[in-house]
There are 2 protein chains.
Amino acid sequence: MAEKIIPDIVVSRLPLYLQALEYLQKSGKTITSSKELGAHSDISAAQVRKDLSFFGEFGKQGSGYDIAYLYSEISRILNVDHVWDVALIGSGYLGHAIAHYPGFVEHGFRIKYVFDNNPAKIGQELGGHIILSSEKMVELIKKDGIKIAMLTVPSRVVQEVADQLVQAGVKAILNYAPVPLIVPEGIRVETVRPILQLEHMTYYL
Amino acid sequence: MAEKIIPDIVVSRLPLYLQALEYLQKSGKTITSSKELGAHSDISAAQVRKDLSFFGEFGKQGSGYDIAYLYSEISRILNVDHVWDVALIGSGYLGHAIAHYPGFVEHGFRIKYVFDNNPAKIGQELGGHIILSSEKMVELIKKDGIKIAMLTVPSRVVQEVADQLVQAGVKAILNYAPVPLIVPEGIRVETVRPILQLEHMTYYL
DNA sequence: TTCTGTGAACCGCTTCACAGCG
DNA sequence: CGCTGTGAAGCGGTTCACAGAA
């Protein structure tokens, strides 16, 4: 438990390794190398080894890394070796897409509740869930100790909803609205920004 | 046109400035500073000034930056000072969300075609578009010279579709499937990875 | 005075290169 | 011999600090 401080940039690459390992495992491999792992995540072999060495010695000199073992180790490091309950707020088109996408639950993120503030939607079914009123949001999230929320509400109400989520005890917010959120110290926010990704690419066109 | 090579990391911050400027403009401001701009994009003031100085001298010493002017300059640099036609491939839940989201067209990305390979979907209407057969994809993209595509097809066919897009002349792909794409030199790919963003946050929980 | 633009200093990440182990 | 783990070197991005213009 003697956790040295790991550079955030290193942490941000671990999910990439996880994804590459998943792919390698599906292709029937059981052993890989830093070179191969790097090739599948667009990272240099030296970088892969250096990153992993922050957390321990997972490889075997001469042979490489056991894929299943390394996968389980990185999962443990990232805290994704168990299922997280997640609250989805906003049941528009994007909320629908998220609720029906199997990838989240396959990676350990299970939607527990879906909330919306539109009375016309409350009570409707969405991906196996009954859409609940936002008024019950804080109470239910508190009751279940939910720590992660996905936000697909309109930009103008995102901050307000985020404030409520923080109050309810949520510690990590995946924000799909194109606005920066202001949250207290200790709360993590990641924003999904496809438009920024497009604008990044158009520079080179 | 004497383009010095700009670090990609600098380019990747320009969309953030654009977003911050948009916000500042909406709040009624006409002038800003590197400090304020940085505060709204979570970047240091020195970094903002350094980044902008790669492209020219947009500010006025003593007063700051004219928001409308800087916005137009960055738009020009990023090639988003005009509308791009975009092809959307895949009309599942995510395709629906994208087709109905107004943010893309507001930022200059107009969906021109929607393609799907599911016969049951072809001919149906989606966000003002008739869903077309994938068989017509290459032909139509070539005809219109479309350079940007958004991909919301299942992982197992992404690479195949991407290959066709490249063949059709597409130069930038926004990929929503959680798999790395292999494309020729000169083709840009950005992948939207919400699961990786979640896994990044769980590390700190 | 304020705030930009920028060389220089600094810092941290990446790469190198090799000892060491299987 | 192959490949990891890692100190050291190298490099590039960030921050500093200040000259200069409004």
# chains A, B, ... in the order shown; residues from 1 in each chain; ligands from 1
call {"tool": "residues_around", "arguments": {"residues": "Tyr203 of chain A", "least_positions_apart": "6", "cutoff": "8 Å", "atoms": "only C-alpha atoms (C1' of nucleotides)", "output": "list of chain:residue names"}}
result
B:Val11, B:Ile77, B:Leu78, B:Asn79
call {"tool": "closest_atom_pairs", "arguments": {"of": "segment 24-132 of chain A", "to": "segment 1-21 of chain D", "cutoff": "7 Å", "atoms": "only C-alpha atoms (C1' of nucleotides)", "output": "Markdown table"}}
result
| residue | atom | partner | partner_atom | distance |
| --- | --- | --- | --- | --- |
| A:Ser53 | CA | D:DG5 | C1' | 6.9 |
| A:Gly59 | CA | D:DT4 | C1' | 6.3 |
| A:Lys60 | CA | D:DT4 | C1' | 6.3 |
| A:Gln61 | CA | D:DT4 | C1' | 4.5 |
| A:Gly62 | CA | D:DC3 | C1' | 4.1 |
| A:Ser63 | CA | D:DC3 | C1' | 5.9 |
| A:Gly64 | CA | D:DC3 | C1' | 6.1 |
call {"tool": "residues_around", "arguments": {"residues": "Thr32 of chain A", "least_positions_apart": "4", "cutoff": "8 Å", "atoms": "only C-alpha atoms (C1' of nucleotides)", "output": "PyMOL selection string"}}
result
chain A and resi 36-37+64-67
call {"tool": "closest_atom_pairs", "arguments": {"of": "chain C", "to": "chain A", "cutoff": "10 Å", "atoms": "only C-alpha atoms (C1' of nucleotides)", "output": "Markdown table"}}
result
| residue | atom | partner | partner_atom | distance |
| --- | --- | --- | --- | --- |
| C:DG12 | C1' | A:Pro7 | CA | 9.5 |
| C:DC13 | C1' | A:Ile9 | CA | 8.9 |
| C:DT14 | C1' | A:Gln47 | CA | 7.0 |
| C:DT15 | C1' | A:Ala46 | CA | 7.1 |
| C:DC16 | C1' | A:Ala46 | CA | 8.9 |
| C:DG20 | C1' | A:Gln61 | CA | 8.7 |
| C:DC21 | C1' | A:Gln61 | CA | 5.9 |
| C:DG22 | C1' | A:Gly62 | CA | 5.7 |
call {"tool": "closest_atom_pairs", "arguments": {"of": "chain B", "to": "chain A", "cutoff": "7 Å", "atoms": "only C-alpha atoms", "output": "JSON lines"}}
result
{"residue": "B:Val11", "atom": "CA", "partner": "A:His200", "partner_atom": "CA", "distance": 6.6}
{"residue": "B:Ser12", "atom": "CA", "partner": "A:His200", "partner_atom": "CA", "distance": 5.6}
{"residue": "B:Pro15", "atom": "CA", "partner": "A:Leu196", "partner_atom": "CA", "distance": 5.5}
{"residue": "B:Ile77", "atom": "CA", "partner": "A:Tyr203", "partner_atom": "CA", "distance": 6.7}
{"residue": "B:Leu78", "atom": "CA", "partner": "A:Tyr203", "partner_atom": "CA", "distance": 4.3}
{"residue": "B:Asn79", "atom": "CA", "partner": "A:Tyr203", "partner_atom": "CA", "distance": 5.6}
{"residue": "B:Val80", "atom": "CA", "partner": "A:Glu199", "partner_atom": "CA", "distance": 6.9}
{"residue": "B:Tyr93", "atom": "CA", "partner": "A:Ala97", "partner_atom": "CA", "distance": 4.6}
{"residue": "B:Leu94", "atom": "CA", "partner": "A:Ala97", "partner_atom": "CA", "distance": 5.0}
{"residue": "B:His96", "atom": "CA", "partner": "A:Tyr93", "partner_atom": "CA", "distance": 6.6}
{"residue": "B:Ala97", "atom": "CA", "partner": "A:Tyr93", "partner_atom": "CA", "distance": 4.6}
{"residue": "B:Phe104", "atom": "CA", "partner": "A:Ile195", "partner_atom": "CA", "distance": 6.7}
{"residue": "B:Ala172", "atom": "CA", "partner": "A:Met201", "partner_atom": "CA", "distance": 6.4}
{"residue": "B:Leu174", "atom": "CA", "partner": "A:Leu198", "partner_atom": "CA", "distance": 6.9}
{"residue": "B:Arg188", "atom": "CA", "partner": "A:Met201", "partner_atom": "CA", "distance": 6.3}
{"residue": "B:Glu190", "atom": "CA", "partner": "A:Gln197", "partner_atom": "CA", "distance": 6.3}
{"residue": "B:Val192", "atom": "CA", "partner": "A:Pro194", "partner_atom": "CA", "distance": 6.6}
{"residue": "B:Pro194", "atom": "CA", "partner": "A:Val192", "partner_atom": "CA", "distance": 6.6}
{"residue": "B:Ile195", "atom": "CA", "partner": "A:Phe104", "partner_atom": "CA", "distance": 6.7}
{"residue": "B:Leu196", "atom": "CA", "partner": "A:Pro15", "partner_atom": "CA", "distance": 5.5}
{"residue": "B:Gln197", "atom": "CA", "partner": "A:Glu190", "partner_atom": "CA", "distance": 6.3}
{"residue": "B:Leu198", "atom": "CA", "partner": "A:Leu174", "partner_atom": "CA", "distance": 6.9}
{"residue": "B:Glu199", "atom": "CA", "partner": "A:Pro15", "partner_atom": "CA", "distance": 6.2}
{"residue": "B:His200", "atom": "CA", "partner": "A:Ser12", "partner_atom": "CA", "distance": 5.6}
{"residue": "B:Met201", "atom": "CA", "partner": "A:Arg188", "partner_atom": "CA", "distance": 6.3}
{"residue": "B:Thr202", "atom": "CA", "partner": "A:Asn79", "partner_atom": "CA", "distance": 5.8}
{"residue": "B:Tyr203", "atom": "CA", "partner": "A:Leu78", "partner_atom": "CA", "distance": 4.3}
call {"tool": "write_last_selection", "arguments": {"atoms": "C-alpha atoms", "output": "PDB file, in the first residue's frame"}}
result
ATOM      1  CA  VAL B  11      -2.989  22.175 -31.906  1.00  0.00           C
ATOM      2  CA  SER B  12      -4.980  19.997 -29.533  1.00  0.00           C
ATOM      3  CA  PRO B  15     -10.296  23.775 -29.732  1.00  0.00           C
ATOM      4  CA  ILE B  77      -6.200  28.125 -38.144  1.00  0.00           C
ATOM      5  CA  LEU B  78      -8.243  25.030 -37.354  1.00  0.00           C
ATOM      6  CA  ASN B  79      -9.999  25.169 -40.713  1.00  0.00           C
ATOM      7  CA  VAL B  80     -13.371  25.457 -39.040  1.00  0.00           C
ATOM      8  CA  TYR B  93     -28.751   4.435 -31.117  1.00  0.00           C
ATOM      9  CA  LEU B  94     -25.500   6.342 -31.268  1.00  0.00           C
ATOM     10  CA  HIS B  96     -29.496   8.646 -33.824  1.00  0.00           C
ATOM     11  CA  ALA B  97     -27.948  10.667 -31.038  1.00  0.00           C
ATOM     12  CA  PHE B 104     -22.152  19.389 -34.658  1.00  0.00           C
ATOM     13  CA  ALA B 172     -10.515  12.241 -41.119  1.00  0.00           C
ATOM     14  CA  LEU B 174     -14.183  10.076 -35.876  1.00  0.00           C
ATOM     15  CA  ARG B 188      -6.407  11.125 -39.288  1.00  0.00           C
ATOM     16  CA  GLU B 190      -9.741  10.137 -33.479  1.00  0.00           C
ATOM     17  CA  VAL B 192     -14.175   8.555 -28.794  1.00  0.00           C
ATOM     18  CA  PRO B 194     -15.801   7.127 -22.818  1.00  0.00           C
ATOM     19  CA  ILE B 195     -14.931   3.792 -21.198  1.00  0.00           C
ATOM     20  CA  LEU B 196     -11.272   4.754 -21.058  1.00  0.00           C
ATOM     21  CA  GLN B 197     -12.256   8.040 -19.475  1.00  0.00           C
ATOM     22  CA  LEU B 198     -14.244   6.177 -16.840  1.00  0.00           C
ATOM     23  CA  GLU B 199     -11.355   3.813 -16.160  1.00  0.00           C
ATOM     24  CA  HIS B 200      -9.053   6.779 -15.801  1.00  0.00           C
ATOM     25  CA  MET B 201     -11.294   8.204 -13.092  1.00  0.00           C
ATOM     26  CA  THR B 202     -11.807   4.967 -11.181  1.00  0.00           C
ATOM     27  CA  TYR B 203      -8.084   4.870 -10.514  1.00  0.00           C
TER      28      TYR B 203
END
call {"tool": "select_by_dssp", "arguments": {"residues": "segment 15-77 of chain A", "states": "helix (DSSP H, G or I)", "output": "ChimeraX atom specification"}}
result
/A:15-26,34-39,45-53,67-77
call {"tool": "atom_distance", "arguments": {"atom1": "atom CA of Ile111 of chain B", "atom2": "atom CA of Lys136 of chain B"}}
result
15.9 Å
call {"tool": "atom_distance", "arguments": {"atom1": "atom CA of Ala168 of chain A", "atom2": "atom CA of Val138 of chain A"}}
result
4.9 Å
call {"tool": "atom_distance", "arguments": {"atom1": "atom CA of Tyr71 of chain A", "atom2": "atom CA of Ile5 of chain A"}}
result
21.5 Å
call {"tool": "residues_around", "arguments": {"residues": "Tyr113 of chain A", "least_positions_apart": "6", "cutoff": "9 Å", "atoms": "only C-alpha atoms (C1' of nucleotides)", "output": "list in words"}}
result
Asp85, Val86, Ala87, Leu88, Ile89, His129, Ile130, Ile131, Leu132, Met137, Leu140 and Ile141 of chain A
call {"tool": "write_last_selection", "arguments": {"atoms": "all heavy atoms", "output": "mmCIF file, in the first residue's frame"}}
result
data_model
loop_
_atom_site.group_PDB
_atom_site.id
_atom_site.type_symbol
_atom_site.label_atom_id
_atom_site.label_comp_id
_atom_site.auth_asym_id
_atom_site.auth_seq_id
_atom_site.Cartn_x
_atom_site.Cartn_y
_atom_site.Cartn_z
ATOM 1 N N ASP A 85 -21.585 0.552 -9.860
ATOM 2 C CA ASP A 85 -22.918 1.048 -10.184
ATOM 3 C C ASP A 85 -22.813 2.497 -10.633
ATOM 4 O O ASP A 85 -22.069 3.277 -10.040
ATOM 5 C CB ASP A 85 -23.849 0.947 -8.973
ATOM 6 C CG ASP A 85 -24.381 -0.460 -8.781
ATOM 7 O OD1 ASP A 85 -24.474 -1.196 -9.782
ATOM 8 O OD2 ASP A 85 -24.701 -0.820 -7.630
ATOM 9 N N VAL A 86 -23.566 2.811 -11.663
ATOM 10 C CA VAL A 86 -23.476 4.132 -12.265
ATOM 11 C C VAL A 86 -24.876 4.717 -12.391
ATOM 12 O O VAL A 86 -25.834 3.987 -12.640
ATOM 13 C CB VAL A 86 -22.834 4.030 -13.668
ATOM 14 C CG1 VAL A 86 -22.853 5.374 -14.382
ATOM 15 C CG2 VAL A 86 -21.433 3.475 -13.577
ATOM 16 N N ALA A 87 -24.992 6.020 -12.210
ATOM 17 C CA ALA A 87 -26.267 6.699 -12.458
ATOM 18 C C ALA A 87 -26.187 7.428 -13.793
ATOM 19 O O ALA A 87 -25.177 8.075 -14.085
ATOM 20 C CB ALA A 87 -26.568 7.698 -11.338
ATOM 21 N N LEU A 88 -27.225 7.268 -14.577
ATOM 22 C CA LEU A 88 -27.299 7.977 -15.857
ATOM 23 C C LEU A 88 -28.328 9.084 -15.721
ATOM 24 O O LEU A 88 -29.482 8.815 -15.383
ATOM 25 C CB LEU A 88 -27.693 7.001 -16.971
ATOM 26 C CG LEU A 88 -28.015 7.598 -18.345
ATOM 27 C CD1 LEU A 88 -26.805 8.291 -18.952
ATOM 28 C CD2 LEU A 88 -28.514 6.498 -19.299
ATOM 29 N N ILE A 89 -27.908 10.318 -15.955
ATOM 30 C CA ILE A 89 -28.833 11.434 -15.838
ATOM 31 C C ILE A 89 -29.038 12.049 -17.213
ATOM 32 O O ILE A 89 -28.086 12.531 -17.836
ATOM 33 C CB ILE A 89 -28.328 12.495 -14.839
ATOM 34 C CG1 ILE A 89 -28.188 11.858 -13.453
ATOM 35 C CG2 ILE A 89 -29.320 13.645 -14.750
ATOM 36 C CD1 ILE A 89 -26.799 11.413 -13.112
ATOM 37 N N HIS A 129 -34.572 -0.170 -17.554
ATOM 38 C CA HIS A 129 -34.761 0.671 -16.378
ATOM 39 C C HIS A 129 -36.016 1.515 -16.533
ATOM 40 O O HIS A 129 -36.381 1.889 -17.642
ATOM 41 C CB HIS A 129 -33.570 1.618 -16.198
ATOM 42 C CG HIS A 129 -32.280 0.909 -16.012
ATOM 43 N ND1 HIS A 129 -31.832 0.504 -14.776
ATOM 44 C CD2 HIS A 129 -31.344 0.503 -16.896
ATOM 45 C CE1 HIS A 129 -30.675 -0.116 -14.916
ATOM 46 N NE2 HIS A 129 -30.355 -0.130 -16.189
ATOM 47 N N ILE A 130 -36.637 1.829 -15.419
ATOM 48 C CA ILE A 130 -37.724 2.805 -15.424
ATOM 49 C C ILE A 130 -37.106 4.172 -15.174
ATOM 50 O O ILE A 130 -36.342 4.347 -14.217
ATOM 51 C CB ILE A 130 -38.760 2.490 -14.320
ATOM 52 C CG1 ILE A 130 -39.343 1.079 -14.521
ATOM 53 C CG2 ILE A 130 -39.857 3.554 -14.301
ATOM 54 C CD1 ILE A 130 -40.112 0.917 -15.809
ATOM 55 N N ILE A 131 -37.394 5.099 -16.052
ATOM 56 C CA ILE A 131 -36.841 6.444 -15.881
ATOM 57 C C ILE A 131 -37.464 7.091 -14.650
ATOM 58 O O ILE A 131 -38.687 7.140 -14.509
ATOM 59 C CB ILE A 131 -37.103 7.300 -17.136
ATOM 60 C CG1 ILE A 131 -36.430 6.650 -18.354
ATOM 61 C CG2 ILE A 131 -36.597 8.734 -16.928
ATOM 62 C CD1 ILE A 131 -36.766 7.303 -19.683
ATOM 63 N N LEU A 132 -36.584 7.573 -13.772
ATOM 64 C CA LEU A 132 -37.039 8.141 -12.507
ATOM 65 C C LEU A 132 -36.938 9.657 -12.517
ATOM 66 O O LEU A 132 -36.149 10.236 -13.266
ATOM 67 C CB LEU A 132 -36.190 7.590 -11.358
ATOM 68 C CG LEU A 132 -36.167 6.072 -11.201
ATOM 69 C CD1 LEU A 132 -35.154 5.663 -10.131
ATOM 70 C CD2 LEU A 132 -37.559 5.540 -10.860
ATOM 71 N N MET A 137 -33.195 11.796 -7.303
ATOM 72 C CA MET A 137 -31.816 11.492 -7.643
ATOM 73 C C MET A 137 -30.893 11.494 -6.432
ATOM 74 O O MET A 137 -30.227 10.490 -6.141
ATOM 75 C CB MET A 137 -31.325 12.495 -8.690
ATOM 76 C CG MET A 137 -29.949 12.211 -9.234
ATOM 77 S SD MET A 137 -29.518 13.373 -10.567
ATOM 78 C CE MET A 137 -29.110 14.828 -9.593
ATOM 79 N N LEU A 140 -31.631 8.645 -3.863
ATOM 80 C CA LEU A 140 -31.294 7.278 -4.268
ATOM 81 C C LEU A 140 -29.788 7.066 -4.415
ATOM 82 O O LEU A 140 -29.262 6.021 -4.055
ATOM 83 C CB LEU A 140 -32.014 6.929 -5.571
ATOM 84 C CG LEU A 140 -33.524 6.708 -5.422
ATOM 85 C CD1 LEU A 140 -34.194 6.566 -6.785
ATOM 86 C CD2 LEU A 140 -33.801 5.459 -4.572
ATOM 87 N N ILE A 141 -29.112 8.070 -4.940
ATOM 88 C CA ILE A 141 -27.663 7.946 -5.092
ATOM 89 C C ILE A 141 -26.998 7.846 -3.726
ATOM 90 O O ILE A 141 -26.083 7.043 -3.522
ATOM 91 C CB ILE A 141 -27.101 9.141 -5.900
ATOM 92 C CG1 ILE A 141 -27.493 8.984 -7.373
ATOM 93 C CG2 ILE A 141 -25.592 9.246 -5.751
ATOM 94 C CD1 ILE A 141 -27.078 10.128 -8.256
#
call {"tool": "select_by_dssp", "arguments": {"residues": "segment 7-203 of chain B", "states": "strand (DSSP E or B)", "output": "count of residues only"}}
result
40
